[in-house]
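Structure data follow from protein12.txt (compact mmCIF, C-alpha atoms):
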# COMPACT_ATOMS: atom_id res chain seq x y z
CA MET A 68 156.10 -184.09 9.21
CA ALA A 69 155.65 -187.19 7.05
CA GLU A 70 153.54 -188.81 9.78
CA LEU A 71 151.30 -185.76 10.01
CA THR A 72 150.88 -185.79 6.24
CA ILE A 73 149.80 -189.44 6.30
CA ILE A 74 147.33 -188.78 9.14
CA SER A 75 145.94 -185.78 7.25
CA PHE A 76 145.57 -187.85 4.08
CA LEU A 77 143.82 -190.66 5.94
CA SER A 78 141.44 -188.19 7.57
CA LYS A 79 140.57 -186.61 4.24
CA SER A 80 140.17 -190.04 2.63
CA PHE A 81 137.87 -191.29 5.38
CA LEU A 82 135.84 -188.08 5.15
CA ILE A 83 135.34 -188.73 1.42
CA ALA A 84 134.28 -192.30 2.24
CA LEU A 85 131.80 -191.04 4.86
CA VAL A 86 130.27 -188.62 2.34
CA CYS A 87 129.95 -191.49 -0.16
CA ALA A 88 128.24 -193.66 2.47
CA LEU A 89 125.87 -190.78 3.31
CA LEU A 90 125.04 -190.37 -0.39
CA LEU A 91 124.45 -194.11 -0.67
CA GLY A 92 121.84 -193.91 2.07
CA ILE A 93 120.17 -190.99 0.31
CA ALA A 94 120.22 -192.89 -2.99
CA LYS A 95 118.69 -196.02 -1.45
CA SER A 96 115.88 -193.86 -0.07
CA GLY A 97 114.81 -193.21 -3.64
CA ILE A 98 116.86 -190.30 -5.01
CA LYS A 99 118.39 -191.73 -8.17
CA GLY A 100 121.49 -190.53 -9.98
CA LEU A 101 124.01 -190.64 -7.11
CA ALA A 102 125.51 -194.09 -7.71
CA VAL A 103 128.34 -192.91 -9.92
CA LEU A 104 129.43 -190.29 -7.37
CA ILE A 105 129.52 -192.96 -4.65
CA VAL A 106 131.51 -195.44 -6.72
CA THR A 107 133.90 -192.72 -7.91
CA GLY A 108 134.63 -191.45 -4.41
CA LEU A 109 135.24 -194.89 -2.90
CA ALA A 110 137.39 -195.93 -5.86
CA LEU A 111 139.58 -192.86 -5.40
CA VAL A 112 140.01 -193.64 -1.69
CA TYR A 113 140.37 -197.44 -1.66
CA GLY A 114 141.16 -198.39 -5.26
CA ALA A 115 138.86 -199.46 -8.07
CA ARG A 116 138.70 -203.20 -7.37
CA GLU A 117 138.95 -203.11 -3.56
CA SER A 118 136.20 -200.50 -3.29
CA THR A 119 133.68 -202.86 -4.92
CA GLY A 120 133.98 -205.23 -1.95
CA ILE A 121 133.86 -202.45 0.65
CA LEU A 122 130.70 -201.10 -0.98
CA MET A 123 128.76 -204.38 -0.94
CA PRO A 124 127.75 -204.44 2.77
CA LEU A 125 126.77 -200.78 2.51
CA LEU A 126 124.57 -201.49 -0.51
CA ILE A 127 122.87 -204.42 1.23
CA CYS A 128 122.24 -202.28 4.32
CA GLY A 129 120.52 -199.72 2.10
CA ASP A 130 118.67 -202.44 0.20
CA ILE A 131 117.18 -203.86 3.41
CA PHE A 132 115.80 -200.46 4.34
CA ALA A 133 114.48 -199.82 0.82
CA VAL A 134 112.64 -203.14 0.48
CA ILE A 135 111.00 -202.64 3.88
CA TYR A 136 110.05 -199.01 3.29
CA TYR A 137 108.79 -199.50 -0.29
CA LYS A 138 107.54 -203.08 0.01
CA ARG A 139 103.99 -202.13 -1.00
CA HIS A 140 105.10 -200.64 -4.31
CA VAL A 141 107.03 -203.48 -5.99
CA LYS A 142 105.87 -204.69 -9.41
CA TRP A 143 106.98 -208.32 -9.42
CA ILE A 144 106.20 -208.91 -13.08
CA TYR A 145 108.92 -206.49 -14.22
CA LEU A 146 111.38 -207.75 -11.64
CA LYS A 147 110.90 -211.32 -12.90
CA LYS A 148 111.55 -210.21 -16.47
CA LEU A 149 114.78 -208.32 -15.73
CA LEU A 150 116.33 -210.40 -12.92
CA PRO A 151 117.42 -213.47 -14.97
CA TRP A 152 119.20 -211.27 -17.51
CA MET A 153 120.94 -209.32 -14.74
CA ILE A 154 122.14 -212.59 -13.19
CA ALA A 155 123.59 -213.55 -16.57
CA GLY A 156 125.34 -210.18 -16.74
CA VAL A 157 126.78 -210.63 -13.25
CA LEU A 158 128.25 -214.03 -14.24
CA ILE A 159 129.84 -212.48 -17.33
CA GLY A 160 131.29 -209.74 -15.11
CA VAL A 161 132.69 -212.32 -12.66
CA PHE A 162 134.46 -214.19 -15.47
CA PHE A 163 135.93 -211.18 -17.28
CA GLY A 164 136.70 -209.07 -14.22
CA LYS A 165 138.47 -211.67 -12.07
CA ASP A 166 141.97 -211.49 -13.58
CA LEU A 167 141.95 -207.97 -14.98
CA PRO A 168 145.00 -205.90 -13.91
CA GLU A 169 144.15 -202.99 -11.59
CA ASP A 170 144.97 -200.32 -14.20
CA ILE A 171 142.70 -201.92 -16.81
CA PHE A 172 139.99 -202.50 -14.18
CA LYS A 173 140.22 -198.82 -13.20
CA SER A 174 140.11 -197.65 -16.83
CA GLY A 175 137.13 -199.90 -17.50
CA MET A 176 135.27 -198.51 -14.49
CA ALA A 177 135.99 -194.94 -15.61
CA LEU A 178 134.75 -195.74 -19.12
CA ILE A 179 131.54 -197.25 -17.74
CA ILE A 180 131.01 -194.14 -15.60
CA ILE A 181 131.47 -191.79 -18.54
CA ILE A 182 129.20 -193.88 -20.80
CA SER A 183 126.58 -193.95 -18.02
CA VAL A 184 126.70 -190.16 -17.73
CA VAL A 185 126.35 -189.74 -21.50
CA MET A 186 123.38 -192.13 -21.50
CA MET A 187 121.65 -190.28 -18.65
CA TYR A 188 122.36 -186.90 -20.28
CA TYR A 189 120.95 -188.11 -23.59
CA TRP A 190 117.84 -189.47 -21.89
CA GLU A 191 117.27 -186.24 -19.96
CA HIS A 192 117.38 -184.18 -23.17
CA LYS A 193 115.59 -186.62 -25.47
CA ILE A 194 112.36 -185.04 -26.72
CA LYS A 195 110.55 -188.25 -27.59
CA LYS A 196 111.23 -190.59 -24.65
CA GLU A 197 109.99 -193.82 -26.14
CA VAL A 198 112.29 -196.77 -25.64
CA PRO A 199 111.59 -200.25 -27.09
CA SER A 200 110.04 -202.47 -24.43
CA HIS A 201 110.16 -205.85 -26.23
CA SER A 202 112.09 -208.84 -24.89
CA SER A 203 115.36 -208.06 -26.68
CA PHE A 204 115.45 -204.63 -25.04
CA THR A 205 114.92 -206.25 -21.63
CA ALA A 206 117.72 -208.73 -22.35
CA VAL A 207 120.22 -206.06 -23.41
CA MET A 208 119.45 -203.73 -20.50
CA GLY A 209 119.50 -206.63 -18.03
CA ILE A 210 122.84 -208.05 -19.19
CA MET A 211 124.47 -204.62 -19.27
CA ALA A 212 123.07 -203.79 -15.82
CA GLY A 213 124.33 -207.11 -14.42
CA PHE A 214 127.78 -206.75 -15.95
CA THR A 215 128.27 -203.16 -14.80
CA THR A 216 126.97 -203.86 -11.28
CA MET A 217 129.52 -206.68 -10.88
CA VAL A 218 132.57 -204.83 -12.17
CA GLY A 219 131.75 -201.49 -10.60
CA ASN A 220 128.34 -201.38 -8.87
CA LEU A 221 127.18 -199.16 -11.73
CA ALA A 222 123.95 -200.68 -13.02
CA GLY A 223 121.88 -197.55 -12.35
CA ALA A 224 121.90 -196.01 -15.83
CA PHE A 225 120.71 -199.20 -17.53
CA SER A 226 118.09 -200.18 -14.96
CA ASN A 227 116.80 -196.59 -14.78
CA ILE A 228 116.30 -196.45 -18.54
CA TYR A 229 114.48 -199.79 -18.45
CA PHE A 230 112.09 -198.69 -15.70
CA LEU A 231 111.52 -195.33 -17.39
CA ALA A 232 110.75 -197.14 -20.65
CA ILE A 233 107.94 -199.14 -19.06
CA LYS A 234 106.64 -195.93 -17.44
CA LEU A 235 106.62 -197.02 -13.81
CA PRO A 236 105.33 -194.32 -11.42
CA LYS A 237 107.82 -192.96 -8.87
CA ASN A 238 107.01 -195.23 -5.92
CA GLU A 239 106.71 -198.35 -8.10
CA PHE A 240 110.00 -197.42 -9.77
CA ILE A 241 111.75 -197.14 -6.40
CA GLY A 242 110.12 -200.24 -4.90
CA THR A 243 110.80 -202.52 -7.86
CA ALA A 244 114.40 -201.31 -8.17
CA ALA A 245 114.89 -201.84 -4.43
CA TRP A 246 113.92 -205.52 -4.58
CA LEU A 247 115.87 -206.05 -7.81
CA PHE A 248 119.14 -204.81 -6.35
CA PHE A 249 118.54 -206.52 -3.03
CA PHE A 250 118.46 -209.89 -4.84
CA ILE A 251 121.35 -209.03 -7.15
CA ASN A 252 123.63 -207.70 -4.41
CA LEU A 253 123.08 -210.82 -2.29
CA PHE A 254 123.84 -212.92 -5.38
CA LYS A 255 127.14 -211.04 -5.87
CA VAL A 256 128.44 -211.53 -2.32
CA PRO A 257 129.87 -215.10 -2.73
CA PHE A 258 131.81 -214.01 -5.82
CA HIS A 259 133.32 -211.06 -3.94
CA ILE A 260 134.35 -213.37 -1.08
CA TRP A 261 135.62 -216.50 -2.83
CA THR A 262 136.29 -215.53 -6.45
CA TRP A 263 137.60 -211.97 -6.34
CA GLY A 264 138.59 -211.84 -2.66
CA THR A 265 137.40 -208.24 -2.38
CA ILE A 266 135.31 -208.95 0.74
CA ASN A 267 137.48 -209.97 3.68
CA TRP A 268 137.95 -209.07 7.35
CA GLU A 269 139.81 -205.86 6.52
CA SER A 270 137.20 -204.68 4.03
CA LEU A 271 134.40 -205.56 6.48
CA LYS A 272 136.01 -203.39 9.17
CA ILE A 273 135.95 -200.43 6.79
CA SER A 274 132.38 -201.20 5.73
CA LEU A 275 131.18 -201.40 9.36
CA SER A 276 132.79 -198.04 10.14
CA LEU A 277 130.75 -196.47 7.33
CA ILE A 278 127.35 -198.02 8.20
CA PRO A 279 126.32 -195.14 10.55
CA ALA A 280 126.73 -192.70 7.65
CA VAL A 281 124.53 -194.93 5.47
CA ILE A 282 121.80 -194.97 8.13
CA THR A 283 122.01 -191.17 8.46
CA GLY A 284 121.66 -190.89 4.68
CA LEU A 285 118.63 -193.16 4.68
CA ILE A 286 116.86 -190.96 7.23
CA LEU A 287 117.79 -187.80 5.35
CA GLY A 288 116.80 -189.32 2.02
CA VAL A 289 113.28 -190.20 3.17
CA TYR A 290 112.75 -186.50 3.83
CA LEU A 291 114.46 -185.29 0.66
CA VAL A 292 112.69 -187.67 -1.71
CA LYS A 293 109.41 -185.90 -0.87
CA LYS A 294 110.85 -182.39 -1.20
CA ILE A 295 113.60 -182.32 -3.81
CA LYS A 296 113.05 -181.17 -7.38
CA ASN A 297 115.05 -182.95 -10.06
CA ASN A 298 115.67 -180.28 -12.69
CA LYS A 299 118.91 -178.48 -11.77
CA TYR A 300 119.82 -181.18 -9.27
CA ARG A 301 120.10 -183.86 -11.98
CA LYS A 302 122.23 -181.56 -14.17
CA LEU A 303 124.62 -181.04 -11.27
CA ILE A 304 124.84 -184.78 -10.63
CA LEU A 305 125.60 -185.42 -14.29
CA LEU A 306 128.39 -182.84 -14.23
CA LEU A 307 129.94 -184.15 -11.01
CA THR A 308 129.76 -187.77 -12.05
CA GLY A 309 131.41 -187.01 -15.38
CA ILE A 310 134.24 -185.26 -13.53
CA GLY A 311 134.46 -188.25 -11.18
CA GLY A 312 134.86 -190.68 -14.09
CA ILE A 313 137.67 -188.58 -15.55
CA ALA A 314 139.32 -188.38 -12.09
CA ILE A 315 139.45 -192.18 -11.83
CA LEU A 316 140.85 -192.42 -15.35
CA ILE A 317 143.76 -190.03 -14.71
CA GLN A 318 144.44 -190.95 -11.06
Take the structure in the file and give it back as structure tokens.
Amino acid sequence: MAELTIISFLSKSFLIALVCALLLGIAKSGIKGLAVLIVTGLALVYGARESTGILMPLLICGDIFAVIYYKRHVKWIYLKKLLPWMIAGVLIGVFFGKDLPEDIFKSGMALIIIISVVMMYYWEHKIKKEVPSHSSFTAVMGIMAGFTTMVGNLAGAFSNIYFLAIKLPKNEFIGTAAWLFFFINLFKVPFHIWTWGTINWESLKISLSLIPAVITGLILGVYLVKKIKNNKYRKLILLLTGIGGIAILIQ
């Protein structure tokens, strides 16, 4: 009976991971707002810290597709402004996240998720959507995006607000973000391997088993990004991601 219970749990856990990988593919195709769901699901299955390493190859797989598909739409000037600050944020995340106990790491990730949801909710309901676009705003958003992407792959809320502030059209938004995270995720890999040890042979086996779901999500996302309407969909994502953050916190 105990063996059957373990097998059942593993099956359910892997199913959750597959759904997260599918959502990642959809997100990398251009449908924003899913990152917190993906991170939450994988953290519940594999643990907060370990899941960050498992997620990296999946993110890079999606990044490769995104930079190829949206290569004509990148705005290099904005990428060059934000990238150095994100790199600085990543380095801060490497230093402060390396020796954090798992329970504090998990609580920090949950807090970041909840703050991200509040930020996105506030932005969605803000009547006058004018955000400062001077250099200090770029620095703050870049450092926060870099820090949160290192400790939990959760830079989406900060980078989204930045790109919305400079009023990038949809395709330019997606294309510029694709190249930004392609560079940043490659930059993070050595730290996951040699500093945190969250990417190893065991994590790579799990990542490889989830790649087909990412590819399926990419194909599905290309179709959905042209069809989907954001109104009620974004409200649902905000609700689910908030619940996900609380779930990590009380797990």
With only C-alpha atoms counted and 7 Å as the cut-off, give the residues of segment 120-207 of chain A in contact with segment 243-252 of chain A, each with its shortest interatomic distance in Å and the pair that gives it, as a Markdown table.
| residue | atom | partner | partner_atom | distance |
| --- | --- | --- | --- | --- |
| A:Ile127 | CA | A:Phe249 | CA | 6.4 |
| A:Asp130 | CA | A:Phe249 | CA | 5.2 |
| A:Ala133 | CA | A:Ala245 | CA | 5.6 |
| A:Val134 | CA | A:Ala245 | CA | 5.6 |
| A:His140 | CA | A:Thr243 | CA | 7.0 |
| A:Val141 | CA | A:Thr243 | CA | 4.3 |
| A:Lys142 | CA | A:Thr243 | CA | 5.6 |
| A:Leu146 | CA | A:Leu247 | CA | 6.1 |
| A:Leu150 | CA | A:Leu247 | CA | 6.7 |
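Atom pair atom CA of Thr216 of chain A / atom CA of Glu169 of chain A: separated by 17.2 Å.
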Can you list every residue of segment 160-258 of chain A that has an atom at most 10 Å from segment 104-114 of chain A, with its nearest atom pair and the distance in Å to one decimal, using only C-alpha atoms, ordered by chain then number, as CSV?
residue,atom,partner,partner_atom,distance
A:Glu169,CA,A:Gly114,CA,8.4
A:Asp170,CA,A:Gly114,CA,9.9
A:Phe172,CA,A:Gly114,CA,9.9
A:Lys173,CA,A:Gly114,CA,8.0
A:Met176,CA,A:Thr107,CA,8.9
A:Ala177,CA,A:Thr107,CA,8.3
A:Ile180,CA,A:Thr107,CA,8.3
A:Gly219,CA,A:Val106,CA,7.2
A:Asn220,CA,A:Val106,CA,7.1
A:Leu221,CA,A:Val106,CA,7.6
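You will find atom CA of Arg116 of chain A at 7.2 Å from atom CA of Thr265 of chain A.
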Shell around Ala88 of chain A at 7 Å using all atoms listed in the file, local window under 2 positions removed, as a compact mmCIF listing (two decimals) with C-alpha atoms, keeping the file's coordinate frame:
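Final output, saved to around.txt:
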# COMPACT_ATOMS: atom_id res chain seq x y z
CA ALA A 84 134.28 -192.30 2.24
CA LEU A 85 131.80 -191.04 4.86
CA VAL A 86 130.27 -188.62 2.34
CA LEU A 90 125.04 -190.37 -0.39
CA LEU A 91 124.45 -194.11 -0.67
CA GLY A 92 121.84 -193.91 2.07
CA LEU A 277 130.75 -196.47 7.33
CA ALA A 280 126.73 -192.70 7.65
CA VAL A 281 124.53 -194.93 5.47
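Shortest atom-to-atom contact with Ala115 of chain A among A:Leu291, A:Val103, A:Leu275, A:Val218: A:Val218, counting all atoms listed in the file.
Around the point (115.9, -207.1, -23.4), within 9 Å and counting all atoms listed in the file, we find these residues: Lys148, Leu149, Trp152, Pro199, Ser200, His201, Ser202, Ser203, Phe204, Thr205, Ala206, Val207, Met208, Gly209, Ile210 and Tyr229 of chain A.
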What does the file look like for those residues with C-alpha atoms, as a PDB file, in the coordinates of the input?
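part-v4.pdb, written as the output of this step:
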ATOM      1  CA  LYS A 148     111.550-210.210 -16.470  1.00  0.00           C
ATOM      2  CA  LEU A 149     114.780-208.320 -15.730  1.00  0.00           C
ATOM      3  CA  TRP A 152     119.200-211.270 -17.510  1.00  0.00           C
ATOM      4  CA  PRO A 199     111.590-200.250 -27.090  1.00  0.00           C
ATOM      5  CA  SER A 200     110.040-202.470 -24.430  1.00  0.00           C
ATOM      6  CA  HIS A 201     110.160-205.850 -26.230  1.00  0.00           C
ATOM      7  CA  SER A 202     112.090-208.840 -24.890  1.00  0.00           C
ATOM      8  CA  SER A 203     115.360-208.060 -26.680  1.00  0.00           C
ATOM      9  CA  PHE A 204     115.450-204.630 -25.040  1.00  0.00           C
ATOM     10  CA  THR A 205     114.920-206.250 -21.630  1.00  0.00           C
ATOM     11  CA  ALA A 206     117.720-208.730 -22.350  1.00  0.00           C
ATOM     12  CA  VAL A 207     120.220-206.060 -23.410  1.00  0.00           C
ATOM     13  CA  MET A 208     119.450-203.730 -20.500  1.00  0.00           C
ATOM     14  CA  GLY A 209     119.500-206.630 -18.030  1.00  0.00           C
ATOM     15  CA  ILE A 210     122.840-208.050 -19.190  1.00  0.00           C
ATOM     16  CA  TYR A 229     114.480-199.790 -18.450  1.00  0.00           C
TER      17      TYR A 229
END
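Using all atoms listed in the file, the smallest distance between any of A:Ser174, A:Thr119, A:Ser226, A:Ser270 and Gly213 of chain A comes from A:Ser226.
From atom CA of Ser80 of chain A back to atom CA of Pro124 of chain A, the distance works out to 19.0 Å.
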*asked:* So that I can see what lies close to Trp268 of chain A, please list as an NGL selection string the residues with an atom at most 12 Å from it, counting only C-alpha atoms and leaving out residues fewer than 5 positions away in the same chain.
replied: :A and (120-121 or 260 or 273-275)
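Residue nearest Cys87 of chain A, chosen from A:Val289, A:Leu126, A:Ile159, A:Glu117 and counting only C-alpha atoms: A:Leu126.
Of the listed residues (A:Gly242, A:Leu82, A:Val161, A:Leu178), A:Val161 comes nearest to Trp261 of chain A; the distances count all atoms listed in the file.
Residue nearest Tyr137 of chain A within the list A:Pro279, A:Gly156, A:Gly97, A:Gly288: A:Gly97 [criterion: smallest interatomic distance, all atoms listed in the file].
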Can you give me N, CA and C atoms for segment 125-144 of chain A, written as an mmCIF file, keeping the file's coordinate frame?
data_model
loop_
_atom_site.group_PDB
_atom_site.id
_atom_site.type_symbol
_atom_site.label_atom_id
_atom_site.label_comp_id
_atom_site.auth_asym_id
_atom_site.auth_seq_id
_atom_site.Cartn_x
_atom_site.Cartn_y
_atom_site.Cartn_z
ATOM 1 N N LEU A 125 127.489 -202.046 2.428
ATOM 2 C CA LEU A 125 126.770 -200.780 2.510
ATOM 3 C C LEU A 125 125.533 -200.802 1.606
ATOM 4 N N LEU A 126 125.695 -201.371 0.422
ATOM 5 C CA LEU A 126 124.570 -201.490 -0.510
ATOM 6 C C LEU A 126 123.467 -202.370 0.084
ATOM 7 N N ILE A 127 123.867 -203.494 0.678
ATOM 8 C CA ILE A 127 122.870 -204.420 1.230
ATOM 9 C C ILE A 127 122.149 -203.785 2.416
ATOM 10 N N CYS A 128 122.864 -203.017 3.221
ATOM 11 C CA CYS A 128 122.240 -202.280 4.320
ATOM 12 C C CYS A 128 121.158 -201.344 3.776
ATOM 13 N N GLY A 129 121.499 -200.606 2.722
ATOM 14 C CA GLY A 129 120.520 -199.720 2.100
ATOM 15 C C GLY A 129 119.380 -200.472 1.455
ATOM 16 N N ASP A 130 119.703 -201.619 0.841
ATOM 17 C CA ASP A 130 118.670 -202.440 0.200
ATOM 18 C C ASP A 130 117.628 -202.923 1.210
ATOM 19 N N ILE A 131 118.094 -203.356 2.376
ATOM 20 C CA ILE A 131 117.180 -203.860 3.410
ATOM 21 C C ILE A 131 116.178 -202.787 3.805
ATOM 22 N N PHE A 132 116.691 -201.573 4.005
ATOM 23 C CA PHE A 132 115.800 -200.460 4.340
ATOM 24 C C PHE A 132 114.807 -200.213 3.208
ATOM 25 N N ALA A 133 115.324 -200.179 1.964
ATOM 26 C CA ALA A 133 114.480 -199.820 0.820
ATOM 27 C C ALA A 133 113.363 -200.839 0.600
ATOM 28 N N VAL A 134 113.681 -202.137 0.727
ATOM 29 C CA VAL A 134 112.640 -203.140 0.480
ATOM 30 C C VAL A 134 111.586 -203.137 1.583
ATOM 31 N N ILE A 135 111.977 -202.747 2.794
ATOM 32 C CA ILE A 135 111.000 -202.640 3.880
ATOM 33 C C ILE A 135 110.126 -201.396 3.695
ATOM 34 N N TYR A 136 110.766 -200.281 3.379
ATOM 35 C CA TYR A 136 110.050 -199.010 3.290
ATOM 36 C C TYR A 136 109.121 -198.956 2.066
ATOM 37 N N TYR A 137 109.566 -199.558 0.946
ATOM 38 C CA TYR A 137 108.790 -199.500 -0.290
ATOM 39 C C TYR A 137 108.180 -200.840 -0.672
ATOM 40 N N LYS A 138 107.990 -201.721 0.316
ATOM 41 C CA LYS A 138 107.540 -203.080 0.010
ATOM 42 C C LYS A 138 106.163 -203.131 -0.637
ATOM 43 N N ARG A 139 105.339 -202.129 -0.416
ATOM 44 C CA ARG A 139 103.990 -202.130 -1.000
ATOM 45 C C ARG A 139 103.986 -201.746 -2.478
ATOM 46 N N HIS A 140 105.097 -201.238 -2.971
ATOM 47 C CA HIS A 140 105.100 -200.640 -4.310
ATOM 48 C C HIS A 140 105.825 -201.469 -5.364
ATOM 49 N N VAL A 141 106.282 -202.670 -5.023
ATOM 50 C CA VAL A 141 107.030 -203.480 -5.990
ATOM 51 C C VAL A 141 106.107 -204.055 -7.054
ATOM 52 N N LYS A 142 106.581 -204.065 -8.298
ATOM 53 C CA LYS A 142 105.870 -204.690 -9.410
ATOM 54 C C LYS A 142 106.660 -205.949 -9.790
ATOM 55 N N TRP A 143 106.218 -207.084 -9.271
ATOM 56 C CA TRP A 143 106.980 -208.320 -9.420
ATOM 57 C C TRP A 143 107.114 -208.766 -10.867
ATOM 58 N N ILE A 144 106.150 -208.457 -11.705
ATOM 59 C CA ILE A 144 106.200 -208.910 -13.080
ATOM 60 C C ILE A 144 107.423 -208.365 -13.817
#
